[in-house]
file input25.cif (mmCIF, C-alpha atoms and all ligand atoms; chains and numbers go by the auth columns)
data_upload
loop_
_atom_site.group_PDB
_atom_site.id
_atom_site.type_symbol
_atom_site.label_atom_id
_atom_site.label_comp_id
_atom_site.label_asym_id
_atom_site.label_seq_id
_atom_site.Cartn_x
_atom_site.Cartn_y
_atom_site.Cartn_z
_atom_site.B_iso_or_equiv
_atom_site.auth_seq_id
_atom_site.auth_asym_id
ATOM 1 C CA MET A 1 -16.804 11.639 2.214 0.00 102 M
ATOM 2 C CA LEU A 2 -17.647 8.052 2.911 0.00 103 M
ATOM 3 C CA LYS A 3 -15.299 5.535 1.420 0.00 104 M
ATOM 4 C CA LYS A 4 -14.272 2.142 2.637 0.00 105 M
ATOM 5 C CA LEU A 5 -10.980 1.890 4.474 0.00 106 M
ATOM 6 C CA PHE A 6 -8.346 -0.028 2.509 0.00 107 M
ATOM 7 C CA ILE A 7 -6.046 -2.013 4.774 0.00 108 M
ATOM 8 C CA ALA A 8 -3.292 -4.089 3.195 0.00 109 M
ATOM 9 C CA GLY A 9 -0.674 -6.279 4.824 0.00 110 M
ATOM 10 C CA ASN A 10 2.785 -6.142 3.240 0.00 111 M
ATOM 11 C CA TRP A 11 4.577 -9.244 4.439 0.00 112 M
ATOM 12 C CA LYS A 12 7.874 -8.230 2.824 0.00 113 M
ATOM 13 C CA MET A 13 10.369 -11.135 2.664 0.00 114 M
ATOM 14 C CA ASN A 14 8.636 -13.200 5.348 0.00 115 M
ATOM 15 C CA LYS A 15 6.892 -16.599 5.405 0.00 116 M
ATOM 16 C CA THR A 16 7.354 -19.692 3.309 0.00 117 M
ATOM 17 C CA ALA A 17 4.379 -20.799 1.229 0.00 118 M
ATOM 18 C CA SER A 18 3.349 -23.267 3.973 0.00 119 M
ATOM 19 C CA GLU A 19 3.587 -20.641 6.700 0.00 120 M
ATOM 20 C CA ALA A 20 1.633 -18.227 4.538 0.00 121 M
ATOM 21 C CA ALA A 21 -1.105 -20.784 3.921 0.00 122 M
ATOM 22 C CA ASP A 22 -1.471 -21.477 7.661 0.00 123 M
ATOM 23 C CA MET A 23 -1.613 -17.807 8.511 0.00 124 M
ATOM 24 C CA VAL A 24 -4.160 -16.918 5.827 0.00 125 M
ATOM 25 C CA SER A 25 -6.407 -19.832 6.772 0.00 126 M
ATOM 26 C CA SER A 26 -6.626 -18.444 10.320 0.00 127 M
ATOM 27 C CA LEU A 27 -7.021 -14.894 9.063 0.00 128 M
ATOM 28 C CA VAL A 28 -9.976 -15.783 6.853 0.00 129 M
ATOM 29 C CA ASP A 29 -11.840 -17.187 9.883 0.00 130 M
ATOM 30 C CA LEU A 30 -11.022 -14.161 12.011 0.00 131 M
ATOM 31 C CA LEU A 31 -12.110 -11.642 9.393 0.00 132 M
ATOM 32 C CA VAL A 32 -15.529 -13.067 8.550 0.00 133 M
ATOM 33 C CA GLY A 33 -17.932 -10.134 8.113 0.00 134 M
ATOM 34 C CA MET A 34 -15.221 -7.492 8.105 0.00 135 M
ATOM 35 C CA GLU A 35 -14.475 -7.822 4.388 0.00 136 M
ATOM 36 C CA SER A 36 -17.761 -6.061 3.630 0.00 137 M
ATOM 37 C CA LYS A 37 -16.837 -3.058 5.796 0.00 138 M
ATOM 38 C CA ALA A 38 -13.291 -2.496 4.550 0.00 139 M
ATOM 39 C CA ILE A 39 -11.157 -3.504 1.594 0.00 140 M
ATOM 40 C CA ILE A 40 -8.676 -5.958 3.071 0.00 141 M
ATOM 41 C CA ALA A 41 -5.693 -7.347 1.191 0.00 142 M
ATOM 42 C CA VAL A 42 -2.626 -9.427 1.957 0.00 143 M
ATOM 43 C CA CYS A 43 0.583 -9.121 -0.050 0.00 144 M
ATOM 44 C CA PRO A 44 2.688 -12.271 0.513 0.00 145 M
ATOM 45 C CA PRO A 45 5.985 -12.984 -1.238 0.00 146 M
ATOM 46 C CA PHE A 46 5.709 -14.244 -4.852 0.00 147 M
ATOM 47 C CA THR A 47 6.379 -17.846 -3.806 0.00 148 M
ATOM 48 C CA ALA A 48 3.268 -17.926 -1.602 0.00 149 M
ATOM 49 C CA LEU A 49 0.854 -16.182 -3.988 0.00 150 M
ATOM 50 C CA ASP A 50 -0.495 -19.354 -5.578 0.00 151 M
ATOM 51 C CA ARG A 51 -1.372 -21.103 -2.323 0.00 152 M
ATOM 52 C CA VAL A 52 -2.733 -17.980 -0.678 0.00 153 M
ATOM 53 C CA SER A 53 -4.798 -17.238 -3.783 0.00 154 M
ATOM 54 C CA CYS A 54 -6.555 -20.614 -3.516 0.00 155 M
ATOM 55 C CA ILE A 55 -7.376 -20.027 0.153 0.00 156 M
ATOM 56 C CA LEU A 56 -8.733 -16.531 -0.504 0.00 157 M
ATOM 57 C CA GLU A 57 -11.080 -17.630 -3.276 0.00 158 M
ATOM 58 C CA ASN A 58 -14.636 -16.384 -2.541 0.00 159 M
ATOM 59 C CA THR A 59 -13.664 -14.887 0.816 0.00 160 M
ATOM 60 C CA GLY A 60 -13.827 -11.222 -0.211 0.00 161 M
ATOM 61 C CA ILE A 61 -10.254 -10.759 0.988 0.00 162 M
ATOM 62 C CA GLU A 62 -8.007 -9.513 -1.782 0.00 163 M
ATOM 63 C CA LEU A 63 -4.580 -10.604 -2.917 0.00 164 M
ATOM 64 C CA GLY A 64 -1.696 -8.256 -3.616 0.00 165 M
ATOM 65 C CA ALA A 65 1.916 -8.673 -4.734 0.00 166 M
ATOM 66 C CA GLN A 66 4.917 -6.681 -3.550 0.00 167 M
ATOM 67 C CA ASN A 67 6.506 -5.854 -6.896 0.00 168 M
ATOM 68 C CA LEU A 68 6.272 -6.487 -10.640 0.00 169 M
ATOM 69 C CA SER A 69 8.398 -5.997 -13.710 0.00 170 M
ATOM 70 C CA ASP A 70 7.936 -2.935 -15.871 0.00 171 M
ATOM 71 C CA LYS A 71 8.606 -5.145 -18.918 0.00 172 M
ATOM 72 C CA GLU A 72 6.523 -7.376 -21.145 0.00 173 M
ATOM 73 C CA PRO A 73 7.363 -11.119 -20.803 0.00 174 M
ATOM 74 C CA GLY A 74 10.739 -12.056 -22.210 0.00 175 M
ATOM 75 C CA ALA A 75 14.392 -12.461 -21.358 0.00 176 M
ATOM 76 C CA TYR A 76 14.464 -10.767 -17.934 0.00 177 M
ATOM 77 C CA THR A 77 15.933 -13.314 -15.529 0.00 178 M
ATOM 78 C CA GLY A 78 14.401 -13.234 -12.084 0.00 179 M
ATOM 79 C CA GLU A 79 11.554 -10.876 -12.943 0.00 180 M
ATOM 80 C CA ILE A 80 7.786 -11.390 -12.573 0.00 181 M
ATOM 81 C CA SER A 81 5.355 -10.042 -15.163 0.00 182 M
ATOM 82 C CA ALA A 82 1.957 -8.464 -14.651 0.00 183 M
ATOM 83 C CA GLY A 83 0.348 -11.361 -16.517 0.00 184 M
ATOM 84 C CA MET A 84 1.882 -13.906 -14.136 0.00 185 M
ATOM 85 C CA LEU A 85 0.291 -12.057 -11.227 0.00 186 M
ATOM 86 C CA LEU A 86 -3.100 -11.707 -12.895 0.00 187 M
ATOM 87 C CA ASP A 87 -3.117 -15.436 -13.605 0.00 188 M
ATOM 88 C CA LEU A 88 -2.994 -16.018 -9.822 0.00 189 M
ATOM 89 C CA ASN A 89 -5.891 -13.610 -9.225 0.00 190 M
ATOM 90 C CA VAL A 90 -3.664 -10.918 -7.828 0.00 191 M
ATOM 91 C CA LYS A 91 -5.534 -7.610 -7.815 0.00 192 M
ATOM 92 C CA TYR A 92 -3.141 -5.133 -6.175 0.00 193 M
ATOM 93 C CA VAL A 93 0.588 -4.606 -6.499 0.00 194 M
ATOM 94 C CA ILE A 94 2.870 -2.481 -4.331 0.00 195 M
ATOM 95 C CA VAL A 95 5.281 -0.363 -6.360 0.00 196 M
ATOM 96 C CA GLY A 96 8.026 1.950 -5.232 0.00 197 M
ATOM 97 C CA HIS A 97 8.219 0.741 -1.654 0.00 198 M
ATOM 98 C CA SER A 98 10.997 2.641 0.116 0.00 199 M
ATOM 99 C CA GLU A 99 12.891 -0.630 0.624 0.00 200 M
ATOM 100 C CA ARG A 100 12.975 -1.105 -3.156 0.00 201 M
ATOM 101 C CA ARG A 101 13.999 2.504 -3.668 0.00 202 M
ATOM 102 C CA GLN A 102 16.671 2.285 -0.946 0.00 203 M
ATOM 103 C CA TYR A 103 18.156 -1.203 -1.443 0.00 204 M
ATOM 104 C CA TYR A 104 17.449 -1.915 -5.123 0.00 205 M
ATOM 105 C CA GLY A 105 17.933 1.523 -6.598 0.00 206 M
ATOM 106 C CA GLU A 106 14.386 2.022 -7.864 0.00 207 M
ATOM 107 C CA THR A 107 13.933 5.539 -9.170 0.00 208 M
ATOM 108 C CA ASP A 108 10.727 7.510 -9.639 0.00 209 M
ATOM 109 C CA GLN A 109 11.077 6.782 -13.339 0.00 210 M
ATOM 110 C CA LEU A 110 11.129 3.010 -12.808 0.00 211 M
ATOM 111 C CA VAL A 111 8.327 3.205 -10.247 0.00 212 M
ATOM 112 C CA ASN A 112 6.304 5.156 -12.798 0.00 213 M
ATOM 113 C CA ALA A 113 6.965 2.547 -15.506 0.00 214 M
ATOM 114 C CA LYS A 114 5.845 -0.204 -13.112 0.00 215 M
ATOM 115 C CA ALA A 115 2.685 1.715 -12.196 0.00 216 M
ATOM 116 C CA HIS A 116 1.856 2.113 -15.906 0.00 217 M
ATOM 117 C CA MET A 117 2.516 -1.577 -16.556 0.00 218 M
ATOM 118 C CA ALA A 118 0.224 -2.526 -13.667 0.00 219 M
ATOM 119 C CA LEU A 119 -2.596 -0.244 -14.813 0.00 220 M
ATOM 120 C CA LYS A 120 -2.352 -1.226 -18.454 0.00 221 M
ATOM 121 C CA SER A 121 -2.568 -4.890 -17.429 0.00 222 M
ATOM 122 C CA GLY A 122 -5.537 -4.471 -15.093 0.00 223 M
ATOM 123 C CA LEU A 123 -3.674 -4.551 -11.771 0.00 224 M
ATOM 124 C CA LYS A 124 -4.196 -1.811 -9.189 0.00 225 M
ATOM 125 C CA PRO A 125 -0.905 -0.290 -8.078 0.00 226 M
ATOM 126 C CA ILE A 126 -0.232 0.878 -4.526 0.00 227 M
ATOM 127 C CA VAL A 127 2.363 3.571 -5.138 0.00 228 M
ATOM 128 C CA CYS A 128 4.549 4.347 -2.117 0.00 229 M
ATOM 129 C CA ILE A 129 6.029 7.737 -1.326 0.00 230 M
ATOM 130 C CA GLY A 130 7.691 9.070 1.817 0.00 231 M
ATOM 131 C CA GLU A 131 10.593 11.036 3.202 0.00 232 M
ATOM 132 C CA THR A 132 13.623 9.892 5.199 0.00 233 M
ATOM 133 C CA LEU A 133 14.376 11.190 8.691 0.00 234 M
ATOM 134 C CA GLN A 134 17.163 13.332 7.302 0.00 235 M
ATOM 135 C CA GLU A 135 14.810 14.914 4.781 0.00 236 M
ATOM 136 C CA ARG A 136 12.169 15.542 7.454 0.00 237 M
ATOM 137 C CA GLU A 137 14.697 17.118 9.800 0.00 238 M
ATOM 138 C CA ALA A 138 15.926 19.339 6.984 0.00 239 M
ATOM 139 C CA GLY A 139 12.352 20.591 6.475 0.00 240 M
ATOM 140 C CA LYS A 140 12.133 18.974 3.041 0.00 241 M
ATOM 141 C CA THR A 141 9.189 16.627 3.613 0.00 242 M
ATOM 142 C CA MET A 142 6.724 18.363 1.304 0.00 243 M
ATOM 143 C CA ASP A 143 9.343 18.869 -1.430 0.00 244 M
ATOM 144 C CA VAL A 144 10.160 15.158 -1.384 0.00 245 M
ATOM 145 C CA ILE A 145 6.483 14.202 -1.447 0.00 246 M
ATOM 146 C CA LYS A 146 5.819 16.571 -4.338 0.00 247 M
ATOM 147 C CA SER A 147 8.723 15.281 -6.378 0.00 248 M
ATOM 148 C CA GLN A 148 7.977 11.587 -5.733 0.00 249 M
ATOM 149 C CA PHE A 149 4.300 12.244 -6.480 0.00 250 M
ATOM 150 C CA SER A 150 4.976 13.896 -9.827 0.00 251 M
ATOM 151 C CA GLY A 151 7.703 11.437 -10.807 0.00 252 M
ATOM 152 C CA SER A 152 5.975 8.225 -9.758 0.00 253 M
ATOM 153 C CA LEU A 153 2.518 9.164 -11.030 0.00 254 M
ATOM 154 C CA ALA A 154 3.556 10.954 -14.230 0.00 255 M
ATOM 155 C CA GLY A 155 1.190 10.404 -17.128 0.00 256 M
ATOM 156 C CA ILE A 156 -1.445 8.505 -15.145 0.00 257 M
ATOM 157 C CA SER A 157 -4.865 9.434 -16.508 0.00 258 M
ATOM 158 C CA ALA A 158 -7.842 10.525 -14.418 0.00 259 M
ATOM 159 C CA GLU A 159 -9.482 7.178 -15.079 0.00 260 M
ATOM 160 C CA ASN A 160 -6.380 5.286 -13.961 0.00 261 M
ATOM 161 C CA ILE A 161 -5.705 7.342 -10.856 0.00 262 M
ATOM 162 C CA LEU A 162 -8.987 5.981 -9.517 0.00 263 M
ATOM 163 C CA ASN A 163 -7.459 2.494 -9.791 0.00 264 M
ATOM 164 C CA THR A 164 -4.325 3.663 -8.009 0.00 265 M
ATOM 165 C CA THR A 165 -3.743 3.826 -4.258 0.00 266 M
ATOM 166 C CA ILE A 166 -1.106 6.133 -2.834 0.00 267 M
ATOM 167 C CA ALA A 167 0.681 4.956 0.318 0.00 268 M
ATOM 168 C CA TYR A 168 2.409 7.603 2.401 0.00 269 M
ATOM 169 C CA GLU A 169 5.161 5.770 4.262 0.00 270 M
ATOM 170 C CA PRO A 170 7.637 7.972 6.089 0.00 271 M
ATOM 171 C CA VAL A 171 10.863 5.956 5.952 0.00 272 M
ATOM 172 C CA TRP A 172 11.708 6.812 9.585 0.00 273 M
ATOM 173 C CA ALA A 173 8.476 5.185 10.751 0.00 274 M
ATOM 174 C CA ILE A 174 8.942 1.878 8.909 0.00 275 M
ATOM 175 C CA GLY A 175 9.813 -1.046 11.146 0.00 276 M
ATOM 176 C CA THR A 176 10.940 1.297 13.916 0.00 277 M
ATOM 177 C CA GLY A 177 7.891 1.021 16.172 0.00 278 M
ATOM 178 C CA LYS A 178 7.739 4.817 15.962 0.00 279 M
ATOM 179 C CA ASN A 179 4.687 5.759 13.903 0.00 280 M
ATOM 180 C CA ALA A 180 4.040 9.245 12.584 0.00 281 M
ATOM 181 C CA THR A 181 1.576 10.922 14.921 0.00 282 M
ATOM 182 C CA PRO A 182 -1.913 11.132 13.431 0.00 283 M
ATOM 183 C CA GLU A 183 -1.364 14.886 13.017 0.00 284 M
ATOM 184 C CA GLN A 184 2.005 14.454 11.236 0.00 285 M
ATOM 185 C CA ALA A 185 0.498 11.873 8.895 0.00 286 M
ATOM 186 C CA GLN A 186 -2.621 13.966 8.275 0.00 287 M
ATOM 187 C CA GLU A 187 -0.492 16.957 7.293 0.00 288 M
ATOM 188 C CA VAL A 188 1.225 14.974 4.524 0.00 289 M
ATOM 189 C CA HIS A 189 -1.981 13.223 3.455 0.00 290 M
ATOM 190 C CA LYS A 190 -3.731 16.580 3.127 0.00 291 M
ATOM 191 C CA PHE A 191 -0.840 17.912 1.071 0.00 292 M
ATOM 192 C CA THR A 192 -0.949 14.813 -1.154 0.00 293 M
ATOM 193 C CA ARG A 193 -4.687 15.355 -1.619 0.00 294 M
ATOM 194 C CA THR A 194 -3.926 18.930 -2.698 0.00 295 M
ATOM 195 C CA LEU A 195 -1.476 17.592 -5.293 0.00 296 M
ATOM 196 C CA LEU A 196 -4.175 15.210 -6.535 0.00 297 M
ATOM 197 C CA LYS A 197 -6.636 18.114 -6.766 0.00 298 M
ATOM 198 C CA ALA A 198 -4.193 20.187 -8.783 0.00 299 M
ATOM 199 C CA SER A 199 -3.712 17.329 -11.272 0.00 300 M
ATOM 200 C CA TYR A 200 -7.147 15.727 -11.403 0.00 301 M
ATOM 201 C CA GLY A 201 -9.682 18.099 -9.810 0.00 302 M
ATOM 202 C CA GLN A 202 -11.529 17.972 -6.513 0.00 303 M
ATOM 203 C CA GLU A 203 -14.016 15.204 -7.243 0.00 304 M
ATOM 204 C CA ILE A 204 -11.398 12.673 -8.307 0.00 305 M
ATOM 205 C CA ALA A 205 -8.921 13.771 -5.614 0.00 306 M
ATOM 206 C CA GLU A 206 -11.441 12.951 -2.922 0.00 307 M
ATOM 207 C CA LYS A 207 -12.032 9.470 -4.277 0.00 308 M
ATOM 208 C CA VAL A 208 -8.387 8.386 -4.390 0.00 309 M
ATOM 209 C CA ILE A 209 -7.375 6.248 -1.428 0.00 310 M
ATOM 210 C CA ILE A 210 -4.311 7.454 0.464 0.00 311 M
ATOM 211 C CA GLN A 211 -2.971 4.849 2.897 0.00 312 M
ATOM 212 C CA TYR A 212 -0.623 5.528 5.757 0.00 313 M
ATOM 213 C CA GLY A 213 2.197 3.055 6.459 0.00 314 M
ATOM 214 C CA GLY A 214 4.868 2.935 9.147 0.00 315 M
ATOM 215 C CA SER A 215 4.504 1.121 12.472 0.00 316 M
ATOM 216 C CA VAL A 216 0.720 0.822 12.246 0.00 317 M
ATOM 217 C CA LYS A 217 -0.442 -1.594 14.933 0.00 318 M
ATOM 218 C CA ALA A 218 -3.587 -2.580 16.812 0.00 319 M
ATOM 219 C CA SER A 219 -2.939 0.094 19.432 0.00 320 M
ATOM 220 C CA ASN A 220 -2.760 3.040 17.020 0.00 321 M
ATOM 221 C CA SER A 221 -4.859 2.024 13.991 0.00 322 M
ATOM 222 C CA ARG A 222 -8.019 3.667 15.292 0.00 323 M
ATOM 223 C CA GLU A 223 -6.557 7.116 15.878 0.00 324 M
ATOM 224 C CA LEU A 224 -4.579 7.093 12.637 0.00 325 M
ATOM 225 C CA MET A 225 -7.619 6.028 10.604 0.00 326 M
ATOM 226 C CA GLY A 226 -9.670 8.690 12.366 0.00 327 M
ATOM 227 C CA MET A 227 -7.863 11.476 10.501 0.00 328 M
ATOM 228 C CA PRO A 228 -9.841 13.002 7.615 0.00 329 M
ATOM 229 C CA ASP A 229 -7.360 12.301 4.800 0.00 330 M
ATOM 230 C CA ILE A 230 -6.158 8.876 5.966 0.00 331 M
ATOM 231 C CA ASP A 231 -8.149 6.290 4.046 0.00 332 M
ATOM 232 C CA GLY A 232 -6.370 3.119 5.006 0.00 333 M
ATOM 233 C CA ALA A 233 -3.129 1.513 6.063 0.00 334 M
ATOM 234 C CA LEU A 234 -0.238 -0.385 4.544 0.00 335 M
ATOM 235 C CA VAL A 235 0.907 -2.588 7.391 0.00 336 M
ATOM 236 C CA GLY A 236 4.229 -4.398 7.643 0.00 337 M
ATOM 237 C CA GLY A 237 5.239 -6.203 10.835 0.00 338 M
ATOM 238 C CA ALA A 238 1.790 -6.109 12.428 0.00 339 M
ATOM 239 C CA SER A 239 0.255 -7.924 9.452 0.00 340 M
ATOM 240 C CA LEU A 240 2.314 -11.074 9.966 0.00 341 M
ATOM 241 C CA ASP A 241 0.226 -12.480 12.777 0.00 342 M
ATOM 242 C CA ALA A 242 -3.413 -13.352 12.040 0.00 343 M
ATOM 243 C CA HIS A 243 -4.814 -12.349 15.442 0.00 344 M
ATOM 244 C CA GLY A 244 -2.812 -9.136 15.575 0.00 345 M
ATOM 245 C CA PHE A 245 -3.805 -8.108 12.046 0.00 346 M
ATOM 246 C CA ALA A 246 -7.475 -8.905 12.701 0.00 347 M
ATOM 247 C CA GLU A 247 -7.376 -6.803 15.880 0.00 348 M
ATOM 248 C CA LEU A 248 -5.710 -3.937 14.017 0.00 349 M
ATOM 249 C CA ILE A 249 -8.515 -4.017 11.428 0.00 350 M
ATOM 250 C CA THR A 250 -11.241 -4.288 14.088 0.00 351 M
ATOM 251 C CA ASN A 251 -9.844 -1.218 15.843 0.00 352 M
ATOM 252 C CA ALA A 252 -9.425 0.700 12.581 0.00 353 M
ATOM 253 C CA LEU A 253 -13.092 0.116 11.805 0.00 354 M
ATOM 254 C CA LYS A 254 -14.086 1.802 15.089 0.00 355 M
ATOM 255 C CA LYS A 255 -12.771 5.126 13.814 0.00 356 M
HETATM 256 P P1 LIG B . 5.968 -1.628 9.421 0.00 401 M
HETATM 257 O O1 LIG B . 4.463 -1.663 9.629 0.00 401 M
HETATM 258 O O2 LIG B . 6.637 -2.884 9.818 0.00 401 M
HETATM 259 O O3 LIG B . 6.547 -0.384 10.025 0.00 401 M
HETATM 260 O O4 LIG B . 6.194 -1.514 7.838 0.00 401 M
HETATM 261 C C1 LIG B . 5.487 -0.588 7.105 0.00 401 M
HETATM 262 C C2 LIG B . 5.672 -0.860 5.671 0.00 401 M
HETATM 263 O O5 LIG B . 6.747 -0.683 5.129 0.00 401 M
HETATM 264 C C3 LIG B . 4.523 -1.383 4.916 0.00 401 M
HETATM 265 O O6 LIG B . 4.766 -1.374 3.558 0.00 401 M
#
call {"tool": "encode", "arguments": {"input": "input25.cif", "output": "structure tokens"}}
result
Amino acid sequence: MLKKLFIAGNWKMNKTASEAADMVSSLVDLLVGMESKAIIAVCPPFTALDRVSCILENTGIELGAQNLSDKEPGAYTGEISAGMLLDLNVKYVIVGHSERRQYYGETDQLVNAKAHMALKSGLKPIVCIGETLQEREAGKTMDVIKSQFSGSLAGISAENILNTTIAYEPVWAIGTGKNATPEQAQEVHKFTRTLLKASYGQEIAEKVIIQYGGSVKASNSRELMGMPDIDGALVGGASLDAHGFAELITNALKK
């Protein structure tokens, strides 16, 4: 089915607000015209959201954040609420990135609470799932995907799943330069689509965007995006440079 590719750049803990503003100003010029062919988003650190938001106004390029609190505003030192993000015109929010699961102890239960908070507030969550190398080598990839899928997406209604993006990010492919082959990624994407079908039915399952993430770059974006169940990309390192990210998107659109 025809749906627009959704390509988002996850900058992780990179760029000051000034560096972010410079980069996004160049990116906006480079992407003119492309924003109508794909959904394109950048997810800078919290401290750069305000400045980047102003630059993105009326450009058709979307703004995302990398995390949010599962709580309503209140006494939660160091946390950022959904409302604070919405106020800066943030539309998407990454939840359950493997780095948050691995280094900050985020469980499926917390990821699920964050996804619900995002949806209830009008933000669109990008929910990340993916296996480690050890799990893949032990033949447990599909079990891990199934359990993260059911845990992280528990209780999300049919209406809300359409506002949710799933990002398949095999942990062994993140920041390693070693992407999953298009066939390896497709296998997991197809399985994820089957899980969506079982929960929400065929029609909805086909509409949900499933991004691939893990060493996506300009040289492999076209073949990865050419696979039938890969609907977009969540890009780390290769989204930090305006020219490189624009080239990656240009190539992805040739799929
Ligand atoms: P890299 O593209 O740097 O491998 O990172 C992927 C990622 O984690 C995006 O969220």
call {"tool": "resolve_selection", "arguments": {"input": "input25.cif", "expression": "the PyMOL selection byres (((not hetatm)) within 6 of (chain M and resi 401))", "output": "ChimeraX atom specification"}}
result
/M:111,274-276,314-317,335-339
call {"tool": "closest_atom_pairs", "arguments": {"input": "input25.cif", "of": "range 213-285 of chain M", "to": "range 173-180 of chain M", "cutoff": "12 Å", "atoms": "all atoms listed in the file", "output": "JSON lines"}}
result
{"residue": "M:Ala214", "atom": "CA", "partner": "M:Glu173", "partner_atom": "CA", "distance": 11.4}
{"residue": "M:Lys215", "atom": "CA", "partner": "M:Glu173", "partner_atom": "CA", "distance": 10.8}
{"residue": "M:His217", "atom": "CA", "partner": "M:Glu173", "partner_atom": "CA", "distance": 11.8}
{"residue": "M:Met218", "atom": "CA", "partner": "M:Glu173", "partner_atom": "CA", "distance": 8.4}
{"residue": "M:Ala219", "atom": "CA", "partner": "M:Glu173", "partner_atom": "CA", "distance": 10.9}
{"residue": "M:Lys221", "atom": "CA", "partner": "M:Glu173", "partner_atom": "CA", "distance": 11.1}
{"residue": "M:Ser222", "atom": "CA", "partner": "M:Glu173", "partner_atom": "CA", "distance": 10.1}
call {"tool": "atom_distance", "arguments": {"input": "input25.cif", "atom1": "CA of Ile108 in chain M", "atom2": "CA of Ala319 in chain M"}}
result
12.3 Å
call {"tool": "resolve_selection", "arguments": {"input": "input25.cif", "expression": "the PyMOL selection byres (((chain M and resi 162-169) around 9) and not hetatm)", "output": "PyMOL selection string"}}
result
chain M and resi 109-113+129+132+136+140-147+150+153-154+157-161+170-172+180-183+186+189-198+201+215+218-219+225
call {"tool": "closest_residue", "arguments": {"input": "input25.cif", "among": "M:Ile156, M:Met328, M:Val133, M:Ala255", "to": "Ser300 in chain M", "atoms": "only C-alpha atoms"}}
result
M:Ala255
call {"tool": "atom_distance", "arguments": {"input": "input25.cif", "atom1": "CA of Glu307 in chain M", "atom2": "CA of Asn261 in chain M"}}
result
14.4 Å
call {"tool": "residues_near_point", "arguments": {"input": "input25.cif", "point": "(-12.8, 2.2, 19.9)", "cutoff": "8 Å", "atoms": "only C-alpha atoms", "output": "list in words"}}
result
Arg323, Asn352, Lys355 and Lys356 of chain M
call {"tool": "write_last_selection", "arguments": {"input": "input25.cif", "atoms": "C-alpha atoms", "output": "PDB file, keeping the file's coordinate frame"}}
result
ATOM      1  CA  ARG M 323      -8.019   3.667  15.292  1.00  0.00           C
ATOM      2  CA  ASN M 352      -9.844  -1.218  15.843  1.00  0.00           C
ATOM      3  CA  LYS M 355     -14.086   1.802  15.089  1.00  0.00           C
ATOM      4  CA  LYS M 356     -12.771   5.126  13.814  1.00  0.00           C
TER       5      LYS M 356
END
call {"tool": "atom_distance", "arguments": {"input": "input25.cif", "atom1": "CA of Arg294 in chain M", "atom2": "CA of Ile311 in chain M"}}
result
8.2 Å
